[in-house]
$ cat start.pdb   # PDB, C-alpha atoms
ATOM      1  CA  MET A  25     125.295  98.614 107.905
ATOM      2  CA  GLU A  26     124.653  96.044 110.614
ATOM      3  CA  LYS A  27     122.987  92.922 109.203
ATOM      4  CA  THR A  28     119.589  91.989 110.598
ATOM      5  CA  ASN A  29     118.356  88.425 111.124
ATOM      6  CA  VAL A  30     116.392  88.856 107.883
ATOM      7  CA  LEU A  31     119.526  89.573 105.835
ATOM      8  CA  ARG A  32     121.460  86.770 107.509
ATOM      9  CA  ALA A  33     118.620  84.298 106.848
ATOM     10  CA  LEU A  34     118.430  85.268 103.165
ATOM     11  CA  ASP A  35     122.217  85.092 102.793
ATOM     12  CA  GLN A  36     122.225  81.644 104.379
ATOM     13  CA  ALA A  37     119.452  80.458 102.033
ATOM     14  CA  HIS A  38     121.303  81.973  99.023
ATOM     15  CA  ILE A  39     118.265  84.100  98.139
ATOM     16  CA  LYS A  40     118.955  87.174  96.039
ATOM     17  CA  TYR A  41     117.753  90.464  97.518
ATOM     18  CA  ASP A  42     118.564  94.133  97.569
ATOM     19  CA  PHE A  43     118.124  96.447 100.537
ATOM     20  CA  HIS A  44     117.049 100.049 100.900
ATOM     21  CA  GLU A  45     117.636 102.196 103.974
ATOM     22  CA  TYR A  46     115.534 105.223 104.892
ATOM     23  CA  ASP A  47     114.745 107.535 107.814
ATOM     24  CA  ASN A  48     114.276 105.189 110.770
ATOM     25  CA  THR A  49     111.578 107.357 112.343
ATOM     26  CA  GLU A  50     109.123 106.631 109.504
ATOM     27  CA  THR A  51     106.710 103.754 110.130
ATOM     28  CA  ASN A  52     103.905 104.629 107.692
ATOM     29  CA  GLY A  53     104.221 102.287 104.717
ATOM     30  CA  GLU A  54     102.910 104.739 102.129
ATOM     31  CA  ASN A  55     105.426 107.356 103.313
ATOM     32  CA  VAL A  56     108.198 104.714 103.172
ATOM     33  CA  ALA A  57     107.246 103.974  99.546
ATOM     34  CA  LYS A  58     107.488 107.701  98.739
ATOM     35  CA  LEU A  59     110.843 108.050 100.551
ATOM     36  CA  LEU A  60     112.218 105.154  98.499
ATOM     37  CA  ASN A  61     110.616 106.405  95.287
ATOM     38  CA  GLU A  62     108.751 103.099  94.899
ATOM     39  CA  ASP A  63     105.255 102.221  93.710
ATOM     40  CA  VAL A  64     102.980 101.895  96.784
ATOM     41  CA  ASN A  65     101.507  98.750  95.201
ATOM     42  CA  GLN A  66     104.977  97.160  95.256
ATOM     43  CA  VAL A  67     105.795  97.932  98.907
ATOM     44  CA  PHE A  68     104.191  95.416 101.267
ATOM     45  CA  LYS A  69     103.443  95.468 104.990
ATOM     46  CA  THR A  70     103.429  92.446 107.276
ATOM     47  CA  LEU A  71     100.343  92.061 109.450
ATOM     48  CA  VAL A  72     100.097  89.648 112.362
ATOM     49  CA  THR A  73      96.681  88.319 113.280
ATOM     50  CA  ILE A  74      95.017  85.933 115.698
ATOM     51  CA  SER A  75      92.067  83.698 114.863
ATOM     52  CA  ASN A  76      89.063  82.547 116.888
ATOM     53  CA  THR A  77      91.045  79.293 117.373
ATOM     54  CA  LYS A  78      93.913  81.325 118.931
ATOM     55  CA  GLU A  79      96.249  80.534 115.999
ATOM     56  CA  HIS A  80      98.427  83.301 114.579
ATOM     57  CA  PHE A  81      98.552  84.049 110.865
ATOM     58  CA  ILE A  82     100.700  86.435 108.824
ATOM     59  CA  PHE A  83      99.284  88.507 105.970
ATOM     60  CA  ILE A  84     101.529  90.445 103.595
ATOM     61  CA  ILE A  85      99.667  93.154 101.694
ATOM     62  CA  PRO A  86     100.458  96.382  99.796
ATOM     63  CA  VAL A  87     101.000  99.333 102.150
ATOM     64  CA  ASN A  88      98.139 101.291 100.568
ATOM     65  CA  GLU A  89      95.612  98.489 101.187
ATOM     66  CA  THR A  90      93.612  97.239 104.172
ATOM     67  CA  LEU A  91      93.384  93.586 105.129
ATOM     68  CA  ASN A  92      89.902  92.195 104.447
ATOM     69  CA  LEU A  93      89.288  90.172 107.621
ATOM     70  CA  LYS A  94      86.580  88.005 106.010
ATOM     71  CA  LYS A  95      88.857  87.053 103.085
ATOM     72  CA  ALA A  96      91.751  86.523 105.519
ATOM     73  CA  ALA A  97      89.682  84.161 107.700
ATOM     74  CA  LYS A  98      88.542  82.257 104.602
ATOM     75  CA  ALA A  99      92.166  81.909 103.381
ATOM     76  CA  ALA A 100      93.263  80.684 106.828
ATOM     77  CA  LYS A 101      90.228  78.336 107.008
ATOM     78  CA  VAL A 102      89.026  79.758 110.319
ATOM     79  CA  LYS A 103      85.790  81.419 111.409
ATOM     80  CA  SER A 104      87.256  84.824 112.254
ATOM     81  CA  ILE A 105      90.496  86.777 112.404
ATOM     82  CA  GLU A 106      91.553  90.009 114.089
ATOM     83  CA  MET A 107      94.753  92.004 114.313
ATOM     84  CA  ILE A 108      96.888  91.246 117.373
ATOM     85  CA  LYS A 109      97.389  94.025 119.910
ATOM     86  CA  GLN A 110     100.493  96.104 119.211
ATOM     87  CA  LYS A 111     102.008  95.231 122.615
ATOM     88  CA  GLU A 112     101.869  91.513 121.662
ATOM     89  CA  LEU A 113     103.881  91.974 118.458
ATOM     90  CA  PHE A 114     107.432  91.998 119.858
ATOM     91  CA  PRO A 115     107.037  89.067 122.309
ATOM     92  CA  LEU A 116     105.413  86.980 119.553
ATOM     93  CA  THR A 117     107.589  87.847 116.535
ATOM     94  CA  GLY A 118     110.732  89.541 117.849
ATOM     95  CA  TYR A 119     109.865  92.587 115.723
ATOM     96  CA  VAL A 120     108.568  96.056 116.555
ATOM     97  CA  HIS A 121     105.653  97.836 114.874
ATOM     98  CA  GLY A 122     106.948  99.354 111.628
ATOM     99  CA  GLY A 123     109.835  96.875 111.427
ATOM    100  CA  CYS A 124     107.976  93.564 111.269
ATOM    101  CA  SER A 125     109.340  91.303 108.545
ATOM    102  CA  PRO A 126     107.704  88.116 107.266
ATOM    103  CA  ILE A 127     111.208  86.584 107.396
ATOM    104  CA  GLY A 128     112.934  85.479 110.588
ATOM    105  CA  MET A 129     110.141  85.648 113.131
ATOM    106  CA  LYS A 130     110.663  83.830 116.451
ATOM    107  CA  LYS A 131     108.331  81.074 115.225
ATOM    108  CA  GLU A 132     107.040  80.032 111.824
ATOM    109  CA  PHE A 133     103.447  81.056 111.187
ATOM    110  CA  LYS A 134     101.142  80.198 108.290
ATOM    111  CA  SER A 135     101.559  83.124 105.890
ATOM    112  CA  PHE A 136      99.636  84.604 102.992
ATOM    113  CA  ILE A 137     100.814  87.130 100.397
ATOM    114  CA  ASN A 138      98.294  89.256  98.534
ATOM    115  CA  GLU A 139      98.052  87.917  94.995
ATOM    116  CA  THR A 140      98.983  91.289  93.450
ATOM    117  CA  ALA A 141     102.609  90.541  94.406
ATOM    118  CA  ILE A 142     102.875  88.347  91.304
ATOM    119  CA  LEU A 143     102.459  91.437  89.103
ATOM    120  CA  PHE A 144     105.972  92.566  90.072
ATOM    121  CA  ASP A 145     109.468  91.181  89.472
ATOM    122  CA  THR A 146     110.326  92.303  92.993
ATOM    123  CA  ILE A 147     108.413  93.530  96.035
ATOM    124  CA  LEU A 148     109.653  95.341  99.129
ATOM    125  CA  VAL A 149     109.062  94.100 102.674
ATOM    126  CA  SER A 150     110.565  95.087 105.996
ATOM    127  CA  GLY A 151     114.167  94.083 106.525
ATOM    128  CA  GLY A 152     113.541  93.475 110.231
ATOM    129  CA  ARG A 153     113.911  96.967 111.624
ATOM    130  CA  ILE A 154     112.456 100.416 111.042
ATOM    131  CA  GLY A 155     114.496 102.112 108.322
ATOM    132  CA  LEU A 156     115.281  98.983 106.289
ATOM    133  CA  GLN A 157     113.348  97.437 103.415
ATOM    134  CA  ILE A 158     114.422  94.433 101.401
ATOM    135  CA  GLU A 159     113.584  94.036  97.734
ATOM    136  CA  ILE A 160     112.974  90.411  96.845
ATOM    137  CA  ASN A 161     111.360  88.332  94.120
ATOM    138  CA  PRO A 162     107.835  87.524  95.400
ATOM    139  CA  ASP A 163     108.162  83.843  94.423
ATOM    140  CA  ASP A 164     111.423  83.571  96.393
ATOM    141  CA  LEU A 165     109.694  85.101  99.423
ATOM    142  CA  LYS A 166     106.645  82.852  98.992
ATOM    143  CA  GLU A 167     108.810  79.746  98.810
ATOM    144  CA  TYR A 168     111.088  80.757 101.703
ATOM    145  CA  ILE A 169     108.274  81.490 104.173
ATOM    146  CA  LYS A 170     106.019  78.729 102.733
ATOM    147  CA  ALA A 171     103.252  81.227 101.963
ATOM    148  CA  GLU A 172     100.295  81.168  99.593
ATOM    149  CA  TYR A 173      99.173  83.845  97.157
ATOM    150  CA  VAL A 174      95.576  84.873  97.927
ATOM    151  CA  ASP A 175      93.171  87.754  97.445
ATOM    152  CA  ILE A 176      93.050  89.281 100.942
ATOM    153  CA  VAL A 177      92.421  93.006 100.425
TER     154      VAL A 177
END
$ encode --input "start.pdb" --output "structure tokens"
Amino acid sequence: MEKTNVLRALDQAHIKYDFHEYDNTETNGENVAKLLNEDVNQVFKTLVTISNTKEHFIFIIPVNETLNLKKAAKAAKVKSIEMIKQKELFPLTGYVHGGCSPIGMKKEFKSFINETAILFDTILVSGGRIGLQIEINPDDLKEYIKAEYVDIV
């Protein structure tokens, strides 16, 4: 397998992870969880948002949940937040829809992980391309991307 920027970054930081490959045509997180035989509450998606102040924020939530925009804005200490347009994702992050990882984006953005992540020894997030998930300790992820645990769903 060809290493993605995510895997290289984790290797360089000496962070323990495991990876899981799956059908690279599947972008629905709940279907990915089923393909990998994982609990949907343990598989997380990475959402990129923009605030009323034009700042970008990253929210990492279980694939079977919806981001609560009011809670997200409160966590980010801004008045309002909305999802970025899909066409803006790649130029901003370097990732495509369905393969957006919280690790290794073009720039560092303030990030938040839904607090339910702490219920698990490991969670799964995108490995930087469609068809690749990494399994990582949530505290290691939180520390590496300088995130906060918050209630955002």
$ residues_around --input "start.pdb" --residues "A:Ile176" --least-positions-apart "6" --cutoff "10 Å" --atoms "all atoms listed in the file" --output "MDAnalysis selection string"
chainID A and resid 83:85 89:99 136:140
$ closest_residue --input "start.pdb" --among "A:Leu113, A:Met25, A:Ile147, A:Val102" --to "A:Pro162" --atoms "only C-alpha atoms"
A:Ile147
$ resolve_selection --input "start.pdb" --expression "the PyMOL selection byres ((chain A and resi 45) around 8)" --output "PyMOL selection string"
chain A and resi 43-44+46-47+155-157
$ write_last_selection --input "start.pdb" --atoms "C-alpha atoms" --output "PDB file, keeping the file's coordinate frame"
ATOM      1  CA  PHE A  43     118.124  96.447 100.537  1.00  0.00           C
ATOM      2  CA  HIS A  44     117.049 100.049 100.900  1.00  0.00           C
ATOM      3  CA  TYR A  46     115.534 105.223 104.892  1.00  0.00           C
ATOM      4  CA  ASP A  47     114.745 107.535 107.814  1.00  0.00           C
ATOM      5  CA  GLY A 155     114.496 102.112 108.322  1.00  0.00           C
ATOM      6  CA  LEU A 156     115.281  98.983 106.289  1.00  0.00           C
ATOM      7  CA  GLN A 157     113.348  97.437 103.415  1.00  0.00           C
TER       8      GLN A 157
END
$ atom_distance --input "start.pdb" --atom1 "atom CA of A:Lys109" --atom2 "atom CA of A:Ile74"
9.4 Å
$ closest_residue --input "start.pdb" --among "A:Lys111, A:His38, A:Lys69, A:Lys166" --to "A:Ser125" --atoms "all atoms listed in the file"
A:Lys69
$ residues_around --input "start.pdb" --residues "A:Met129" --least-positions-apart "6" --cutoff "12 Å" --atoms "all atoms listed in the file" --output "NGL selection string"
:A and (28-30 or 33 or 70 or 72 or 81-82 or 113-120 or 123 or 135 or 150-152 or 169)
$ write_last_selection --input "start.pdb" --atoms "C-alpha atoms" --output "compact mmCIF listing (two decimals), in the coordinates of the input"
# COMPACT_ATOMS: atom_id res chain seq x y z
CA THR A 28 119.59 91.99 110.60
CA ASN A 29 118.36 88.42 111.12
CA VAL A 30 116.39 88.86 107.88
CA ALA A 33 118.62 84.30 106.85
CA THR A 70 103.43 92.45 107.28
CA VAL A 72 100.10 89.65 112.36
CA PHE A 81 98.55 84.05 110.86
CA ILE A 82 100.70 86.44 108.82
CA LEU A 113 103.88 91.97 118.46
CA PHE A 114 107.43 92.00 119.86
CA PRO A 115 107.04 89.07 122.31
CA LEU A 116 105.41 86.98 119.55
CA THR A 117 107.59 87.85 116.54
CA GLY A 118 110.73 89.54 117.85
CA TYR A 119 109.86 92.59 115.72
CA VAL A 120 108.57 96.06 116.56
CA GLY A 123 109.84 96.88 111.43
CA SER A 135 101.56 83.12 105.89
CA SER A 150 110.56 95.09 106.00
CA GLY A 151 114.17 94.08 106.52
CA GLY A 152 113.54 93.48 110.23
CA ILE A 169 108.27 81.49 104.17
$ resolve_selection --input "start.pdb" --expression "the PyMOL selection byres ((chain A and resi 34) around 12)" --output "VMD selection string"
chain A and resid 27 to 33 35 to 43 126 to 128 151 to 152 158 to 161 164 to 165 167 to 169
$ atom_distance --input "start.pdb" --atom1 "atom CA of A:Ala57" --atom2 "atom CA of A:Gly122"
12.9 Å
$ atom_distance --input "start.pdb" --atom1 "atom CA of A:Thr146" --atom2 "atom CA of A:Asn55"
18.9 Å
$ closest_residue --input "start.pdb" --among "A:Val67, A:Lys78, A:Glu132, A:Val56" --to "A:Lys170" --atoms "only C-alpha atoms"
A:Glu132
$ build_atoms --input "start.pdb" --residues "stretch 148-164 of chain A" --atoms "N, CA, C and O atoms" --output "mmCIF file, in the coordinates of the input"
data_model
loop_
_atom_site.group_PDB
_atom_site.id
_atom_site.type_symbol
_atom_site.label_atom_id
_atom_site.label_comp_id
_atom_site.auth_asym_id
_atom_site.auth_seq_id
_atom_site.Cartn_x
_atom_site.Cartn_y
_atom_site.Cartn_z
ATOM 1 N N LEU A 148 108.894 94.920 97.958
ATOM 2 C CA LEU A 148 109.653 95.341 99.129
ATOM 3 C C LEU A 148 108.889 94.968 100.387
ATOM 4 O O LEU A 148 107.674 95.162 100.465
ATOM 5 N N VAL A 149 109.617 94.405 101.352
ATOM 6 C CA VAL A 149 109.062 94.100 102.674
ATOM 7 C C VAL A 149 110.082 94.565 103.712
ATOM 8 O O VAL A 149 111.244 94.819 103.379
ATOM 9 N N SER A 150 109.658 94.634 104.946
ATOM 10 C CA SER A 150 110.565 95.087 105.996
ATOM 11 C C SER A 150 111.787 94.181 106.095
ATOM 12 O O SER A 150 111.686 92.963 105.986
ATOM 13 N N GLY A 151 112.913 94.816 106.347
ATOM 14 C CA GLY A 151 114.167 94.083 106.525
ATOM 15 C C GLY A 151 114.421 93.710 107.988
ATOM 16 O O GLY A 151 115.507 93.276 108.334
ATOM 17 N N GLY A 152 113.409 93.902 108.844
ATOM 18 C CA GLY A 152 113.541 93.475 110.231
ATOM 19 C C GLY A 152 113.790 94.594 111.222
ATOM 20 O O GLY A 152 113.949 94.355 112.408
ATOM 21 N N ARG A 153 113.818 95.814 110.728
ATOM 22 C CA ARG A 153 113.911 96.967 111.624
ATOM 23 C C ARG A 153 113.347 98.178 110.894
ATOM 24 O O ARG A 153 113.294 98.197 109.661
ATOM 25 N N ILE A 154 112.947 99.179 111.651
ATOM 26 C CA ILE A 154 112.456 100.416 111.042
ATOM 27 C C ILE A 154 113.642 101.060 110.329
ATOM 28 O O ILE A 154 114.738 101.141 110.879
ATOM 29 N N GLY A 155 113.429 101.478 109.091
ATOM 30 C CA GLY A 155 114.496 102.112 108.322
ATOM 31 C C GLY A 155 115.179 101.174 107.343
ATOM 32 O O GLY A 155 116.148 101.554 106.692
ATOM 33 N N LEU A 156 114.674 99.941 107.219
ATOM 34 C CA LEU A 156 115.281 98.983 106.289
ATOM 35 C C LEU A 156 114.206 98.180 105.572
ATOM 36 O O LEU A 156 113.363 97.553 106.202
ATOM 37 N N GLN A 157 114.243 98.247 104.249
ATOM 38 C CA GLN A 157 113.348 97.437 103.415
ATOM 39 C C GLN A 157 114.214 96.518 102.562
ATOM 40 O O GLN A 157 115.301 96.912 102.128
ATOM 41 N N ILE A 158 113.720 95.301 102.339
ATOM 42 C CA ILE A 158 114.422 94.433 101.401
ATOM 43 C C ILE A 158 113.567 94.297 100.152
ATOM 44 O O ILE A 158 112.340 94.289 100.216
ATOM 45 N N GLU A 159 114.247 94.223 99.018
ATOM 46 C CA GLU A 159 113.584 94.036 97.734
ATOM 47 C C GLU A 159 113.883 92.608 97.311
ATOM 48 O O GLU A 159 115.042 92.217 97.235
ATOM 49 N N ILE A 160 112.828 91.847 97.070
ATOM 50 C CA ILE A 160 112.974 90.411 96.845
ATOM 51 C C ILE A 160 111.958 89.954 95.796
ATOM 52 O O ILE A 160 110.882 90.543 95.680
ATOM 53 N N ASN A 161 112.300 88.917 95.065
ATOM 54 C CA ASN A 161 111.360 88.332 94.120
ATOM 55 C C ASN A 161 110.208 87.728 94.934
ATOM 56 O O ASN A 161 110.459 86.989 95.897
ATOM 57 N N PRO A 162 108.943 88.030 94.584
ATOM 58 C CA PRO A 162 107.835 87.524 95.400
ATOM 59 C C PRO A 162 107.785 85.994 95.474
ATOM 60 O O PRO A 162 107.412 85.438 96.511
ATOM 61 N N ASP A 163 108.169 85.312 94.393
ATOM 62 C CA ASP A 163 108.162 83.843 94.423
ATOM 63 C C ASP A 163 109.225 83.305 95.382
ATOM 64 O O ASP A 163 109.001 82.302 96.061
ATOM 65 N N ASP A 164 110.375 83.982 95.444
ATOM 66 C CA ASP A 164 111.423 83.571 96.393
ATOM 67 C C ASP A 164 110.923 83.730 97.828
ATOM 68 O O ASP A 164 111.132 82.854 98.672
#
